[in-house]
$ cat target_38.json   # JSON, C-alpha atoms
[["chain", "number", "residue", "atom", "x", "y", "z"],
["A", 230, "MET", "CA", 181.33, 160.37, 108.18],
["A", 231, "PHE", "CA", 181.43, 157.49, 110.67],
["A", 232, "ARG", "CA", 179.55, 155.22, 108.25],
["A", 233, "SER", "CA", 182.15, 155.95, 105.60],
["A", 234, "PHE", "CA", 184.95, 155.06, 108.02],
["A", 235, "ARG", "CA", 183.25, 151.76, 108.85],
["A", 236, "VAL", "CA", 182.89, 150.86, 105.19],
["A", 237, "TYR", "CA", 186.56, 151.57, 104.48],
["A", 238, "ALA", "CA", 187.62, 149.68, 107.61],
["A", 239, "ALA", "CA", 185.53, 146.71, 106.44],
["A", 240, "LEU", "CA", 187.09, 146.96, 102.99],
["A", 241, "ILE", "CA", 190.60, 146.87, 104.43],
["A", 242, "GLY", "CA", 189.61, 144.01, 106.76],
["A", 243, "VAL", "CA", 188.29, 141.98, 103.83],
["A", 244, "ASN", "CA", 191.57, 142.51, 101.99],
["A", 245, "LEU", "CA", 193.44, 141.37, 105.09],
["A", 246, "ILE", "CA", 191.39, 138.16, 105.07],
["A", 247, "TYR", "CA", 192.21, 137.70, 101.39],
["A", 248, "ALA", "CA", 195.92, 138.09, 102.15],
["A", 249, "CYS", "CA", 195.71, 135.22, 104.63],
["A", 250, "THR", "CA", 195.10, 132.79, 101.78],
["A", 251, "SER", "CA", 198.73, 133.24, 100.75],
["A", 252, "ILE", "CA", 199.83, 131.88, 104.12],
["A", 253, "PHE", "CA", 197.66, 128.78, 103.70],
["A", 254, "THR", "CA", 198.96, 128.11, 100.22],
["A", 255, "LYS", "CA", 202.56, 128.76, 101.29],
["A", 256, "MET", "CA", 202.17, 126.24, 104.11],
["A", 257, "ALA", "CA", 200.60, 123.76, 101.68],
["A", 258, "SER", "CA", 203.60, 124.14, 99.36],
["A", 259, "ARG", "CA", 205.84, 122.95, 102.18],
["A", 260, "GLN", "CA", 203.97, 119.63, 102.42],
["A", 261, "GLU", "CA", 204.17, 116.52, 100.30],
["A", 262, "MET", "CA", 201.75, 116.74, 97.38],
["A", 263, "LEU", "CA", 198.31, 115.26, 98.20],
["A", 264, "SER", "CA", 199.28, 114.33, 101.77],
["A", 265, "TRP", "CA", 196.77, 114.99, 104.56],
["A", 266, "PRO", "CA", 198.57, 118.12, 105.79],
["A", 267, "TYR", "CA", 198.71, 119.42, 102.22],
["A", 268, "LEU", "CA", 194.99, 118.82, 101.71],
["A", 269, "LEU", "CA", 194.14, 120.46, 105.04],
["A", 270, "TRP", "CA", 196.13, 123.59, 104.19],
["A", 271, "ILE", "CA", 194.46, 123.77, 100.78],
["A", 272, "ALA", "CA", 191.04, 123.27, 102.37],
["A", 273, "GLY", "CA", 191.88, 126.13, 104.76],
["A", 274, "ALA", "CA", 192.79, 128.35, 101.80],
["A", 275, "VAL", "CA", 189.52, 127.51, 100.05],
["A", 276, "GLY", "CA", 187.60, 128.17, 103.27],
["A", 277, "VAL", "CA", 189.23, 131.56, 103.74],
["A", 278, "MET", "CA", 188.50, 132.41, 100.10],
["A", 279, "GLY", "CA", 184.85, 131.49, 100.67],
["A", 280, "ILE", "CA", 184.64, 133.80, 103.67],
["A", 281, "TYR", "CA", 186.38, 136.50, 101.65],
["A", 282, "ALA", "CA", 183.91, 136.11, 98.76],
["A", 283, "LEU", "CA", 180.90, 136.48, 101.06],
["A", 284, "LEU", "CA", 182.34, 139.53, 102.81],
["A", 285, "TRP", "CA", 183.48, 141.10, 99.52],
["A", 286, "GLN", "CA", 179.89, 140.95, 98.26],
["A", 287, "GLN", "CA", 178.71, 142.74, 101.41],
["A", 288, "VAL", "CA", 181.32, 145.46, 100.98],
["A", 289, "LEU", "CA", 180.34, 145.94, 97.33],
["A", 290, "LYS", "CA", 176.77, 146.69, 98.43],
["A", 291, "ARG", "CA", 178.07, 149.72, 100.30],
["A", 292, "ILE", "CA", 180.84, 151.13, 98.10],
["A", 293, "GLU", "CA", 181.51, 151.72, 94.42],
["A", 294, "LEU", "CA", 183.27, 148.91, 92.58],
["A", 295, "SER", "CA", 186.04, 151.18, 91.30],
["A", 296, "THR", "CA", 186.87, 152.31, 94.83],
["A", 297, "ALA", "CA", 186.70, 148.81, 96.29],
["A", 298, "TYR", "CA", 188.85, 147.36, 93.53],
["A", 299, "MET", "CA", 191.46, 150.07, 93.99],
["A", 300, "PHE", "CA", 191.90, 148.98, 97.60],
["A", 301, "LYS", "CA", 192.72, 145.40, 96.54],
["A", 302, "GLY", "CA", 196.35, 146.56, 96.39],
["A", 303, "THR", "CA", 196.36, 146.66, 100.17],
["A", 304, "GLY", "CA", 196.03, 142.86, 100.09],
["A", 305, "LEU", "CA", 199.49, 142.64, 98.53],
["A", 306, "ILE", "CA", 200.95, 144.76, 101.30],
["A", 307, "PHE", "CA", 199.19, 142.68, 103.95],
["A", 308, "GLY", "CA", 200.48, 139.49, 102.33],
["A", 309, "LEU", "CA", 204.01, 140.86, 102.41],
["A", 310, "LEU", "CA", 203.75, 141.79, 106.08],
["A", 311, "ILE", "CA", 202.11, 138.51, 107.08],
["A", 312, "ALA", "CA", 204.78, 136.48, 105.28],
["A", 313, "TRP", "CA", 207.47, 138.51, 107.04],
["A", 314, "ALA", "CA", 205.87, 138.22, 110.50],
["A", 315, "LEU", "CA", 204.75, 134.59, 110.41],
["A", 316, "LEU", "CA", 207.09, 132.91, 107.96],
["A", 317, "GLY", "CA", 210.25, 134.96, 108.40],
["A", 318, "GLU", "CA", 210.45, 135.91, 104.73],
["A", 319, "GLN", "CA", 212.69, 138.82, 103.77],
["A", 320, "ILE", "CA", 211.35, 142.20, 102.70],
["A", 321, "THR", "CA", 213.50, 143.59, 99.92],
["A", 322, "SER", "CA", 213.91, 147.14, 98.70],
["A", 323, "ASN", "CA", 211.84, 146.23, 95.65],
["A", 324, "ASN", "CA", 209.03, 145.10, 97.97],
["A", 325, "ILE", "CA", 209.17, 148.43, 99.79],
["A", 326, "ILE", "CA", 209.17, 150.40, 96.54],
["A", 327, "GLY", "CA", 206.20, 148.40, 95.27],
["A", 328, "ALA", "CA", 204.28, 148.91, 98.51],
["A", 329, "ALA", "CA", 205.02, 152.66, 98.37],
["A", 330, "ILE", "CA", 203.69, 152.84, 94.81],
["A", 331, "ILE", "CA", 200.50, 151.09, 95.90],
["A", 332, "ILE", "CA", 200.02, 153.45, 98.84],
["A", 333, "ILE", "CA", 200.68, 156.52, 96.67],
["A", 334, "GLY", "CA", 198.16, 155.26, 94.12],
["A", 335, "ILE", "CA", 195.51, 154.74, 96.78],
["A", 336, "ALA", "CA", 196.18, 158.21, 98.22],
["A", 337, "LEU", "CA", 195.97, 159.87, 94.82],
["A", 338, "PHE", "CA", 192.72, 158.08, 94.02],
["A", 339, "ALA", "CA", 191.24, 158.99, 97.42],
["A", 340, "LYS", "CA", 192.21, 162.64, 96.97],
["A", 341, "ALA", "CA", 190.48, 162.83, 93.58]]

$ encode --input "target_38.json" --output "structure tokens"
Amino acid sequence: MFRSFRVYAALIGVNLIYACTSIFTKMASRQEMLSWPYLLWIAGAVGVMGIYALLWQQVLKRIELSTAYMFKGTGLIFGLLIAWALLGEQITSNNIIGAAIIIIGIALFAKA
């Protein structure tokens, strides 16, 4: 039971890391194209994606692909929350409805 919890916690953590790439790319979009700050933000995004790829492979060793892929929807929710908390972006009713649909889908899959 505890091992299963750790695997799911790792899966959610990996998706949180993946969601952080959206912050790097958003910050890059605010810079002048090909300037040093732009290139640094893009390099950060690529670095985070590299870390994500390595950790994703480790998670896939411990969980079925269909289950792991289903949880990728949590990355969208994390991205929404990170953009709201760090960048001050608005959360609309459509965002909330979409997040609710993702959560319901994950719950239904987990129940089956």

$ closest_atom_pairs --input "target_38.json" --of "segment 233-302 of chain A" --to "segment 314-322 of chain A" --cutoff "10 Å" --atoms "only C-alpha atoms" --output "tab-separated table"
residue	atom	partner	partner_atom	distance
A:Ile252	CA	A:Leu316	CA	8.3
A:Lys255	CA	A:Leu316	CA	9.1
A:Met256	CA	A:Leu316	CA	9.1

$ atom_distance --input "target_38.json" --atom1 "atom CA of Cys249 of chain A" --atom2 "atom CA of Ile331 of chain A"
18.7 Å

$ atom_distance --input "target_38.json" --atom1 "atom CA of Leu240 of chain A" --atom2 "atom CA of Leu283 of chain A"
12.3 Å

$ closest_residue --input "target_38.json" --among "A:Ala336, A:Ile292, A:Ile326, A:Ala312" --to "Ser233 of chain A" --atoms "all atoms listed in the file"
A:Ile292

$ residues_around --input "target_38.json" --residues "Ala297 of chain A" --least-positions-apart "4" --cutoff "12 Å" --atoms "all atoms listed in the file" --output "count of residues only"
25

$ atom_distance --input "target_38.json" --atom1 "atom CA of Gly334 of chain A" --atom2 "atom CA of Val277 of chain A"
27.1 Å

$ build_atoms --input "target_38.json" --residues "segment 318-329 of chain A" --atoms "all heavy atoms" --output "PDB file, in the frame of the given file"
ATOM      1  N   GLU A 318     209.961 135.567 106.066  1.00  0.00           N
ATOM      2  CA  GLU A 318     210.450 135.910 104.730  1.00  0.00           C
ATOM      3  C   GLU A 318     211.059 137.314 104.745  1.00  0.00           C
ATOM      4  O   GLU A 318     210.676 138.166 105.544  1.00  0.00           O
ATOM      5  CB  GLU A 318     209.333 135.800 103.705  1.00  0.00           C
ATOM      6  CG  GLU A 318     208.880 134.371 103.522  1.00  0.00           C
ATOM      7  CD  GLU A 318     207.995 134.192 102.304  1.00  0.00           C
ATOM      8  OE1 GLU A 318     207.800 135.152 101.553  1.00  0.00           O
ATOM      9  OE2 GLU A 318     207.506 133.074 102.135  1.00  0.00           O
ATOM     10  N   GLN A 319     211.998 137.535 103.852  1.00  0.00           N
ATOM     11  CA  GLN A 319     212.690 138.820 103.770  1.00  0.00           C
ATOM     12  C   GLN A 319     211.847 139.843 103.006  1.00  0.00           C
ATOM     13  O   GLN A 319     211.163 139.492 102.058  1.00  0.00           O
ATOM     14  CB  GLN A 319     214.038 138.645 103.070  1.00  0.00           C
ATOM     15  CG  GLN A 319     214.993 137.727 103.806  1.00  0.00           C
ATOM     16  CD  GLN A 319     215.404 138.310 105.152  1.00  0.00           C
ATOM     17  OE1 GLN A 319     215.687 139.486 105.269  1.00  0.00           O
ATOM     18  NE2 GLN A 319     215.407 137.462 106.162  1.00  0.00           N
ATOM     19  N   ILE A 320     211.957 141.088 103.436  1.00  0.00           N
ATOM     20  CA  ILE A 320     211.350 142.200 102.700  1.00  0.00           C
ATOM     21  C   ILE A 320     212.490 142.934 102.015  1.00  0.00           C
ATOM     22  O   ILE A 320     213.391 143.448 102.669  1.00  0.00           O
ATOM     23  CB  ILE A 320     210.583 143.137 103.646  1.00  0.00           C
ATOM     24  CG1 ILE A 320     209.413 142.392 104.281  1.00  0.00           C
ATOM     25  CG2 ILE A 320     210.084 144.360 102.883  1.00  0.00           C
ATOM     26  CD1 ILE A 320     208.607 143.219 105.263  1.00  0.00           C
ATOM     27  N   THR A 321     212.430 142.971 100.696  1.00  0.00           N
ATOM     28  CA  THR A 321     213.500 143.590  99.920  1.00  0.00           C
ATOM     29  C   THR A 321     213.160 145.045  99.607  1.00  0.00           C
ATOM     30  O   THR A 321     212.030 145.491  99.819  1.00  0.00           O
ATOM     31  CB  THR A 321     213.712 142.831  98.589  1.00  0.00           C
ATOM     32  OG1 THR A 321     212.540 142.995  97.783  1.00  0.00           O
ATOM     33  CG2 THR A 321     213.980 141.345  98.836  1.00  0.00           C
ATOM     34  N   SER A 322     214.149 145.749  99.082  1.00  0.00           N
ATOM     35  CA  SER A 322     213.910 147.140  98.700  1.00  0.00           C
ATOM     36  C   SER A 322     212.871 147.218  97.586  1.00  0.00           C
ATOM     37  O   SER A 322     212.070 148.154  97.544  1.00  0.00           O
ATOM     38  CB  SER A 322     215.216 147.824  98.286  1.00  0.00           C
ATOM     39  OG  SER A 322     215.812 147.135  97.210  1.00  0.00           O
ATOM     40  N   ASN A 323     212.861 146.256  96.695  1.00  0.00           N
ATOM     41  CA  ASN A 323     211.840 146.230  95.650  1.00  0.00           C
ATOM     42  C   ASN A 323     210.441 146.063  96.236  1.00  0.00           C
ATOM     43  O   ASN A 323     209.476 146.654  95.736  1.00  0.00           O
ATOM     44  CB  ASN A 323     212.118 145.118  94.638  1.00  0.00           C
ATOM     45  CG  ASN A 323     213.250 145.439  93.706  1.00  0.00           C
ATOM     46  OD1 ASN A 323     213.651 146.592  93.572  1.00  0.00           O
ATOM     47  ND2 ASN A 323     213.788 144.421  93.060  1.00  0.00           N
ATOM     48  N   ASN A 324     210.322 145.244  97.294  1.00  0.00           N
ATOM     49  CA  ASN A 324     209.030 145.100  97.970  1.00  0.00           C
ATOM     50  C   ASN A 324     208.584 146.426  98.561  1.00  0.00           C
ATOM     51  O   ASN A 324     207.406 146.792  98.460  1.00  0.00           O
ATOM     52  CB  ASN A 324     209.120 144.068  99.097  1.00  0.00           C
ATOM     53  CG  ASN A 324     209.430 142.666  98.634  1.00  0.00           C
ATOM     54  OD1 ASN A 324     210.260 141.985  99.222  1.00  0.00           O
ATOM     55  ND2 ASN A 324     208.774 142.210  97.583  1.00  0.00           N
ATOM     56  N   ILE A 325     209.505 147.137  99.173  1.00  0.00           N
ATOM     57  CA  ILE A 325     209.170 148.430  99.790  1.00  0.00           C
ATOM     58  C   ILE A 325     208.773 149.445  98.725  1.00  0.00           C
ATOM     59  O   ILE A 325     207.791 150.181  98.890  1.00  0.00           O
ATOM     60  CB  ILE A 325     210.346 148.928 100.651  1.00  0.00           C
ATOM     61  CG1 ILE A 325     210.537 147.985 101.840  1.00  0.00           C
ATOM     62  CG2 ILE A 325     210.098 150.360 101.123  1.00  0.00           C
ATOM     63  CD1 ILE A 325     211.807 148.228 102.626  1.00  0.00           C
ATOM     64  N   ILE A 326     209.501 149.477  97.626  1.00  0.00           N
ATOM     65  CA  ILE A 326     209.170 150.400  96.540  1.00  0.00           C
ATOM     66  C   ILE A 326     207.789 150.074  95.981  1.00  0.00           C
ATOM     67  O   ILE A 326     206.964 150.971  95.746  1.00  0.00           O
ATOM     68  CB  ILE A 326     210.246 150.360  95.437  1.00  0.00           C
ATOM     69  CG1 ILE A 326     211.555 150.956  95.955  1.00  0.00           C
ATOM     70  CG2 ILE A 326     209.780 151.081  94.183  1.00  0.00           C
ATOM     71  CD1 ILE A 326     212.754 150.712  95.057  1.00  0.00           C
ATOM     72  N   GLY A 327     207.508 148.808  95.778  1.00  0.00           N
ATOM     73  CA  GLY A 327     206.200 148.400  95.270  1.00  0.00           C
ATOM     74  C   GLY A 327     205.070 148.772  96.220  1.00  0.00           C
ATOM     75  O   GLY A 327     204.023 149.273  95.799  1.00  0.00           O
ATOM     76  N   ALA A 328     205.289 148.547  97.510  1.00  0.00           N
ATOM     77  CA  ALA A 328     204.280 148.910  98.510  1.00  0.00           C
ATOM     78  C   ALA A 328     204.057 150.422  98.523  1.00  0.00           C
ATOM     79  O   ALA A 328     202.917 150.892  98.630  1.00  0.00           O
ATOM     80  CB  ALA A 328     204.701 148.426  99.887  1.00  0.00           C
ATOM     81  N   ALA A 329     205.142 151.194  98.392  1.00  0.00           N
ATOM     82  CA  ALA A 329     205.020 152.660  98.370  1.00  0.00           C
ATOM     83  C   ALA A 329     204.220 153.113  97.154  1.00  0.00           C
ATOM     84  O   ALA A 329     203.379 154.019  97.259  1.00  0.00           O
ATOM     85  CB  ALA A 329     206.403 153.298  98.375  1.00  0.00           C
TER      86      ALA A 329
END
